[in-house]
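File shown: run-v1.txt. Contents: compact mmCIF, C-alpha atoms.
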# COMPACT_ATOMS: atom_id res chain seq x y z
CA MET A 1 106.23 78.38 109.22
CA THR A 2 103.25 78.69 111.55
CA PRO A 3 102.39 76.51 114.53
CA LEU A 4 100.13 74.58 112.16
CA GLY A 5 103.02 73.82 109.93
CA ASP A 6 101.74 75.85 106.96
CA SER A 7 100.16 79.18 106.11
CA ARG A 8 96.52 78.07 105.73
CA LEU A 9 95.38 79.08 109.20
CA PRO A 10 96.89 82.61 109.10
CA SER A 11 95.52 83.23 105.62
CA LEU A 12 92.05 82.04 106.67
CA LEU A 13 92.13 84.22 109.78
CA GLN A 14 93.40 87.20 107.79
CA GLU A 15 90.65 86.74 105.24
CA ALA A 16 88.00 86.51 107.96
CA ALA A 17 89.35 89.60 109.74
CA GLN A 18 89.45 91.52 106.45
CA MET A 19 85.88 90.53 105.62
CA ASN A 20 84.71 91.50 109.10
CA ALA A 21 86.54 94.81 108.83
CA ASP A 22 85.15 95.55 105.36
CA SER A 23 81.58 94.68 106.27
CA GLY A 24 81.75 96.37 109.67
CA MET A 25 83.09 99.74 108.54
CA LYS A 26 80.47 102.32 107.71
CA PRO A 27 81.21 105.06 105.15
CA PHE A 28 83.00 108.33 105.98
CA LEU A 29 84.77 106.99 109.06
CA ALA A 30 87.51 109.63 108.83
CA ASP A 31 84.92 112.42 108.64
CA ARG A 32 83.09 111.07 111.65
CA ILE A 33 86.25 110.76 113.70
CA MET A 34 87.37 114.26 112.72
CA ARG A 35 83.99 115.62 113.79
CA ARG A 36 84.45 113.96 117.19
CA VAL A 37 87.99 115.35 117.42
CA ARG A 38 86.68 118.84 116.74
CA SER A 39 83.98 118.38 119.36
CA ILE A 40 86.70 117.44 121.89
CA HIS A 41 88.45 120.69 121.00
CA SER A 42 85.31 122.74 121.36
CA ARG A 43 84.53 121.03 124.68
CA GLU A 44 88.01 121.97 125.95
CA GLU A 45 87.54 125.52 124.75
CA GLN A 46 84.15 125.71 126.46
CA PHE A 47 85.71 124.43 129.68
CA PHE A 48 88.46 127.07 129.63
CA GLN A 49 85.96 129.77 128.72
CA ALA A 50 83.80 128.73 131.68
CA ILE A 51 86.82 128.83 134.00
CA TRP A 52 87.78 132.27 132.67
CA LEU A 53 84.24 133.53 133.20
CA VAL A 54 84.19 132.28 136.78
CA PHE A 55 87.63 133.56 137.72
CA LYS A 56 87.65 136.85 135.78
CA PRO A 57 85.92 138.83 138.58
CA VAL A 58 88.21 137.18 141.17
CA ILE A 59 91.30 138.09 139.15
CA LEU A 60 90.09 141.67 138.69
CA ALA A 61 89.21 142.05 142.39
CA SER A 62 92.57 140.58 143.45
CA ALA A 63 94.46 142.89 141.09
CA LEU A 64 92.59 145.94 142.41
CA PHE A 65 93.20 144.85 146.03
CA ILE A 66 96.94 144.37 145.40
CA LEU A 67 97.12 147.78 143.68
CA GLY A 68 95.32 149.35 146.66
CA VAL A 69 97.71 147.77 149.19
CA LEU A 70 100.76 148.88 147.18
CA SER A 71 99.44 152.44 146.88
CA TYR A 72 98.63 152.55 150.59
CA ASN A 73 102.15 151.32 151.44
CA ALA A 74 103.67 153.91 149.15
CA LEU A 75 101.59 156.70 150.72
CA VAL A 76 102.31 155.65 154.30
CA SER A 77 106.04 155.27 153.72
CA ARG A 78 106.26 158.99 152.75
CA ASN A 79 105.88 159.80 156.44
CA TYR A 80 109.02 157.87 157.43
CA GLU A 81 111.95 159.98 158.64
CA ILE A 82 114.36 158.16 156.37
CA ARG A 83 113.40 157.84 152.77
CA PRO A 84 112.98 154.07 152.01
CA THR A 85 113.96 152.36 148.78
CA THR A 86 111.27 151.70 146.20
CA THR A 87 110.98 148.02 147.22
CA GLU A 88 110.64 148.96 150.89
CA MET A 89 108.15 151.64 149.97
CA VAL A 90 105.96 149.37 147.86
CA PHE A 91 105.98 146.41 150.23
CA GLY A 92 105.60 148.52 153.32
CA LEU A 93 108.90 147.51 154.91
CA GLN A 94 110.48 149.63 157.60
CA PRO A 95 113.84 150.98 156.42
CA LEU A 96 116.69 149.37 158.37
CA THR A 97 118.52 151.95 160.44
CA LEU A 98 121.03 151.75 163.28
CA THR A 99 118.23 152.61 165.72
CA THR A 100 115.98 149.74 164.57
CA ALA A 101 118.98 147.38 164.59
CA TYR A 102 119.87 148.31 168.24
CA SER A 103 116.29 148.06 169.39
CA ALA A 104 116.27 144.29 168.71
CA ASP A 105 115.20 142.26 171.75
CA LEU A 106 118.56 140.98 173.05
CA ASP A 107 116.98 138.74 175.70
CA GLU A 108 115.03 136.91 173.06
CA LEU A 109 118.13 136.58 170.87
CA SER A 110 120.27 135.21 173.74
CA SER A 111 117.75 132.44 174.43
CA THR A 112 118.27 131.09 170.90
CA ILE A 113 122.11 130.93 171.34
CA PRO A 114 123.23 127.66 172.97
CA MET B 1 106.06 116.52 93.90
CA ASN B 2 106.13 116.53 97.71
CA PRO B 3 107.55 113.48 99.44
CA ILE B 4 105.10 111.59 101.70
CA PRO B 5 105.66 112.88 105.25
CA SER B 6 106.59 110.31 107.89
CA ASP B 7 104.34 109.49 110.83
CA GLU B 8 106.67 111.42 113.15
CA ILE B 9 106.40 114.59 111.09
CA LEU B 10 102.62 114.24 110.87
CA LEU B 11 102.42 113.62 114.62
CA ASP B 12 104.44 116.75 115.33
CA ARG B 13 102.13 118.76 113.13
CA ALA B 14 99.04 117.18 114.69
CA ARG B 15 100.35 117.98 118.19
CA ASN B 16 100.63 121.60 117.11
CA GLY B 17 96.96 121.64 116.18
CA ASP B 18 97.12 120.68 112.50
CA GLN B 19 93.99 118.59 112.12
CA ASN B 20 94.76 117.70 108.51
CA ALA B 21 97.92 115.97 109.71
CA PHE B 22 95.90 113.93 112.18
CA ARG B 23 93.47 113.03 109.42
CA GLU B 24 96.35 111.81 107.29
CA ILE B 25 97.58 109.55 110.13
CA LEU B 26 94.02 108.31 110.55
CA GLU B 27 93.60 107.46 106.87
CA ARG B 28 97.03 105.85 106.75
CA HIS B 29 96.50 103.50 109.70
CA GLN B 30 92.75 102.95 109.60
CA PRO B 31 92.78 99.71 107.51
CA ALA B 32 95.32 98.02 109.80
CA VAL B 33 93.52 99.15 112.95
CA ALA B 34 90.19 97.95 111.53
CA ARG B 35 91.68 94.54 110.71
CA THR B 36 93.14 94.18 114.21
CA VAL B 37 89.86 95.18 115.84
CA ALA B 38 87.85 92.91 113.51
CA GLY B 39 90.18 90.02 114.32
CA MET B 40 89.79 90.62 118.03
CA LEU B 41 86.02 91.05 118.03
CA GLY B 42 85.03 88.53 115.37
CA ASN B 43 81.87 90.54 114.95
CA PRO B 44 81.58 93.15 112.21
CA SER B 45 78.80 95.12 113.91
CA GLU B 46 81.08 96.60 116.57
CA VAL B 47 84.18 97.22 114.45
CA ASP B 48 83.27 100.74 113.34
CA ASP B 49 82.58 101.97 116.88
CA VAL B 50 85.76 100.47 118.31
CA VAL B 51 87.93 101.88 115.51
CA GLN B 52 86.51 105.31 116.33
CA VAL B 53 87.31 104.79 120.00
CA VAL B 54 90.87 103.77 119.10
CA PHE B 55 91.54 106.96 117.14
CA ILE B 56 89.88 109.19 119.72
CA ARG B 57 92.03 107.61 122.46
CA PHE B 58 95.07 108.07 120.26
CA TYR B 59 94.19 111.72 119.69
CA LYS B 60 93.83 112.32 123.43
CA ALA B 61 97.08 110.49 124.20
CA MET B 62 99.04 112.11 121.38
CA ASP B 63 100.82 114.59 123.62
CA ARG B 64 102.03 111.81 125.92
CA PHE B 65 103.30 109.73 122.98
CA ARG B 66 107.03 110.39 122.86
CA GLY B 67 107.99 108.14 119.97
CA ASP B 68 109.53 105.29 121.98
CA ALA B 69 107.47 102.97 119.74
CA SER B 70 106.26 103.44 116.21
CA CYS B 71 102.90 105.04 115.57
CA SER B 72 101.45 101.77 114.26
CA THR B 73 102.65 99.84 117.32
CA TYR B 74 101.06 102.41 119.59
CA LEU B 75 97.80 102.26 117.64
CA THR B 76 97.83 98.45 117.69
CA ARG B 77 98.25 98.52 121.47
CA ILE B 78 95.30 100.89 121.82
CA ALA B 79 93.26 98.73 119.40
CA ILE B 80 93.97 95.56 121.41
CA ASN B 81 93.10 97.27 124.71
CA ALA B 82 89.91 98.82 123.33
CA SER B 83 88.87 95.42 121.89
CA LEU B 84 89.60 93.68 125.19
CA ASP B 85 87.34 96.23 126.92
CA VAL B 86 84.54 95.35 124.50
CA LEU B 87 85.10 91.61 124.98
CA ARG B 88 84.89 92.04 128.75
CA ARG B 89 81.64 93.95 128.42
CA ARG B 90 80.33 91.37 125.96
CA LYS B 91 81.18 88.54 128.35
CA LYS B 92 79.19 90.21 131.12
CA LEU B 93 76.21 90.73 128.81
CA ARG B 94 76.43 87.22 127.39
CA SER B 95 76.44 85.63 130.81
CA ARG B 96 73.26 87.54 131.55
CA PHE B 97 71.25 87.22 128.38
CA ILE B 98 72.53 84.69 125.83
CA SER B 99 73.35 81.02 125.95
CA ARG B 100 76.70 80.73 124.20
CA ASP B 101 76.19 77.11 123.14
CA ASN B 102 73.05 77.95 121.21
CA ALA B 103 74.70 80.93 119.52
CA ASP B 104 77.64 78.83 118.38
CA LYS B 105 75.40 76.09 117.01
CA ALA B 106 73.47 78.64 115.00
CA LEU B 107 76.69 80.04 113.52
CA SER B 108 78.11 76.70 112.48
CA GLU B 109 75.07 75.43 110.65
CA PRO B 110 75.83 74.57 107.00
CA GLY B 111 74.63 77.07 104.42
CA ALA B 112 73.40 76.80 100.84
CA ASP B 113 75.37 75.06 98.10
CA ASP B 114 76.72 78.09 96.17
CA PRO B 115 80.43 78.91 96.75
CA GLU B 116 79.73 82.46 97.95
CA SER B 117 77.41 81.22 100.65
CA GLU B 118 79.89 78.48 101.53
CA ARG B 119 82.64 81.10 101.96
CA PHE B 120 80.34 83.17 104.13
CA ASP B 121 79.63 80.14 106.30
CA GLN B 122 83.35 79.51 106.58
CA ILE B 123 83.91 83.04 107.81
CA LYS B 124 81.11 82.60 110.32
CA LEU B 125 82.72 79.39 111.53
CA ILE B 126 86.10 81.13 111.84
CA ASN B 127 84.46 83.96 113.81
CA SER B 128 82.75 81.43 116.01
CA ALA B 129 86.05 79.59 116.59
CA MET B 130 87.79 82.87 117.45
CA ASN B 131 84.95 83.80 119.81
CA GLN B 132 85.53 80.60 121.73
CA LEU B 133 89.12 81.58 122.50
CA LYS B 134 89.90 83.39 125.74
CA PRO B 135 90.54 87.09 125.07
CA LYS B 136 94.22 86.82 126.08
CA HIS B 137 94.68 83.91 123.62
CA ARG B 138 92.80 85.78 120.95
CA ALA B 139 95.07 88.80 121.31
CA VAL B 140 98.11 86.61 120.67
CA VAL B 141 96.48 84.97 117.63
CA VAL B 142 95.50 88.35 116.17
CA LEU B 143 98.92 89.88 116.64
CA ARG B 144 100.92 86.85 115.48
CA LEU B 145 98.75 85.34 112.75
CA ILE B 146 96.65 88.24 111.47
CA ASP B 147 98.90 91.28 111.99
CA GLY B 148 102.07 89.28 111.41
CA CYS B 149 103.94 90.58 114.48
CA SER B 150 106.98 88.66 115.68
CA VAL B 151 107.03 86.85 119.02
CA ILE B 152 109.13 89.68 120.49
CA GLU B 153 106.77 92.39 119.19
CA THR B 154 103.73 90.47 120.44
CA ALA B 155 105.30 90.04 123.87
CA GLU B 156 106.13 93.76 124.04
CA LEU B 157 102.68 94.82 122.85
CA LEU B 158 100.88 92.65 125.39
CA GLY B 159 103.40 93.14 128.18
CA ILE B 160 103.99 89.41 128.62
CA ALA B 161 107.01 87.08 128.33
CA GLN B 162 107.95 85.58 124.98
CA GLY B 163 107.42 82.09 126.39
CA THR B 164 103.90 83.02 127.37
CA VAL B 165 103.24 84.24 123.83
CA MET B 166 104.37 80.91 122.41
CA SER B 167 102.41 78.79 124.88
CA ARG B 168 99.23 80.83 124.37
CA LEU B 169 99.65 80.67 120.60
CA SER B 170 100.19 76.92 120.72
CA ARG B 171 97.05 76.37 122.82
CA ALA B 172 94.98 78.75 120.71
CA THR B 173 96.03 77.24 117.37
CA ALA B 174 95.38 73.73 118.66
CA HIS B 175 91.86 74.82 119.53
CA LEU B 176 91.37 76.56 116.18
CA ARG B 177 92.72 73.56 114.31
CA GLN B 178 90.26 71.34 116.12
CA ILE B 179 87.28 73.49 115.11
CA LEU B 180 88.46 74.57 111.69
CA GLY B 181 89.86 71.15 110.72
CA PRO B 182 87.32 70.51 107.94
CA ILE B 183 87.92 73.93 106.36
CA LEU B 184 91.67 73.55 106.56
CA GLU B 185 91.44 70.12 104.92
CA LYS B 186 89.30 71.57 102.13
CA GLU B 187 91.77 74.42 101.57
CA ARG B 188 94.64 71.94 101.13
Would you write the structure of this file as structure tokens?
Amino acid sequence: MTPLGDSRLPSLLQEAAQMNADSGMKPFLADRIMRRVRSIHSREEQFFQAIWLVFKPVILASALFILGVLSYNALVSRNYEIRPTTTEMVFGLQPLTLTTAYSADLDELSSTIP
Amino acid sequence: MNPIPSDEILLDRARNGDQNAFREILERHQPAVARTVAGMLGNPSEVDDVVQVVFIRFYKAMDRFRGDASCSTYLTRIAINASLDVLRRRKKLRSRFISRDNADKALSEPGADDPESERFDQIKLINSAMNQLKPKHRAVVVLRLIDGCSVIETAELLGIAQGTVMSRLSRATAHLRQILGPILEKER
């Protein structure tokens, strides 16, 4: 039961909508939509390719710079009296010894203790 | 013989880049989407474009669609929103360029005597009557009377209360009955 009390209005509206749909649809709709879908894909691919092209030199330069820093750290750390671990060597950290531990600034430390 | 895959299976495949799966969804739901859009717009000339927009939006939103509603419900929602966008644009254009009263008079003029022409005039009158409804009323009429959604489904699709659906439907059908009275009497 419809608000009109019978099914005439819905059936008329359905018929009108169907006729509008049938007369409004042009042929090969699915093909046209699929072509647009593919163009979205290719646009995305183009975008990522453009980004890769822009950032490729930056990535290469950064990688070379990081490699250079690591090699420099490794070379410099050979001169330390105490042989550092690989991590310390690569990141250029001073090996922790009793001497370095005792040389901490005690005045500075005491000011942080309440 | 392979069983027909469900929408969920096709969606999964489409999300993984299977364009044939998306095409199958498209072909499966295209008639219903076209009918919804045609009902909303009441103008065949824009139906094709809007249906394309609906499926392109669906394709772009596919990854965000998590299956909390059925595929057809989701597509209907997109179809209603895309049609409302067009109606808003049309309203702006109409207020600038066209006198609505004159357009409606032209549409409701009686046609020739043959039944085919009479039917065509009826459809034009129905379109004209639908075009006079406010877009929010039209959406309720399309979902309830053309798509056959329940009050609950219509309320969920439009994001409004069930009471609002019923009041809008009542107002809209009263208006349609007023304009389409002669046709409805003839159909009796």
**Report entry** Selection as a VMD selection string: residues within 12 Å of (106.8, 113.8, 116.2), counting all atoms listed in the file
**Finding:** chain B and resid 5 to 16 21 to 22 25 62 to 71
Query raised in the report: chain A residues within 9 Å of chain B, counting all atoms listed in the file: which ones, as a ChimeraX atom specification?
Result: /A:2-4,8-26,29-34,36-38,40
Query raised in the report: How far is it from atom CA of Asp85 of chain B to atom CA of Ser42 of chain A, in Å with one decimal?
Result: 27.2 Å
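Across the model, the gap from atom CA of Ser77 of chain A to atom CA of Met89 of chain A is 5.6 Å.
In this structure, atom CA of Ala74 of chain A sits 5.2 Å away from atom CA of Val90 of chain A.
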Query raised in the report: Arg78 of chain A: which residues within 12 Å, counting all atoms listed in the file, same-chain residues fewer than 2 positions away excluded, as a PyMOL selection string?
Result: chain A and resi 71-76+80-86+88-90+92-95
Filtering to C-alpha atoms, could you give me those residues as a PDB file, in the coordinates of the input?
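The result, stored in selection_9.pdb:
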ATOM      1  CA  SER A  71      99.440 152.440 146.880  1.00  0.00           C
ATOM      2  CA  TYR A  72      98.630 152.550 150.590  1.00  0.00           C
ATOM      3  CA  ASN A  73     102.150 151.320 151.440  1.00  0.00           C
ATOM      4  CA  ALA A  74     103.670 153.910 149.150  1.00  0.00           C
ATOM      5  CA  LEU A  75     101.590 156.700 150.720  1.00  0.00           C
ATOM      6  CA  VAL A  76     102.310 155.650 154.300  1.00  0.00           C
ATOM      7  CA  TYR A  80     109.020 157.870 157.430  1.00  0.00           C
ATOM      8  CA  GLU A  81     111.950 159.980 158.640  1.00  0.00           C
ATOM      9  CA  ILE A  82     114.360 158.160 156.370  1.00  0.00           C
ATOM     10  CA  ARG A  83     113.400 157.840 152.770  1.00  0.00           C
ATOM     11  CA  PRO A  84     112.980 154.070 152.010  1.00  0.00           C
ATOM     12  CA  THR A  85     113.960 152.360 148.780  1.00  0.00           C
ATOM     13  CA  THR A  86     111.270 151.700 146.200  1.00  0.00           C
ATOM     14  CA  GLU A  88     110.640 148.960 150.890  1.00  0.00           C
ATOM     15  CA  MET A  89     108.150 151.640 149.970  1.00  0.00           C
ATOM     16  CA  VAL A  90     105.960 149.370 147.860  1.00  0.00           C
ATOM     17  CA  GLY A  92     105.600 148.520 153.320  1.00  0.00           C
ATOM     18  CA  LEU A  93     108.900 147.510 154.910  1.00  0.00           C
ATOM     19  CA  GLN A  94     110.480 149.630 157.600  1.00  0.00           C
ATOM     20  CA  PRO A  95     113.840 150.980 156.420  1.00  0.00           C
TER      21      PRO A  95
END
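Residue nearest Arg168 of chain B, chosen from B:Thr154, B:Ser83, B:Ser128, B:Thr73 and counting all atoms listed in the file: B:Thr154.
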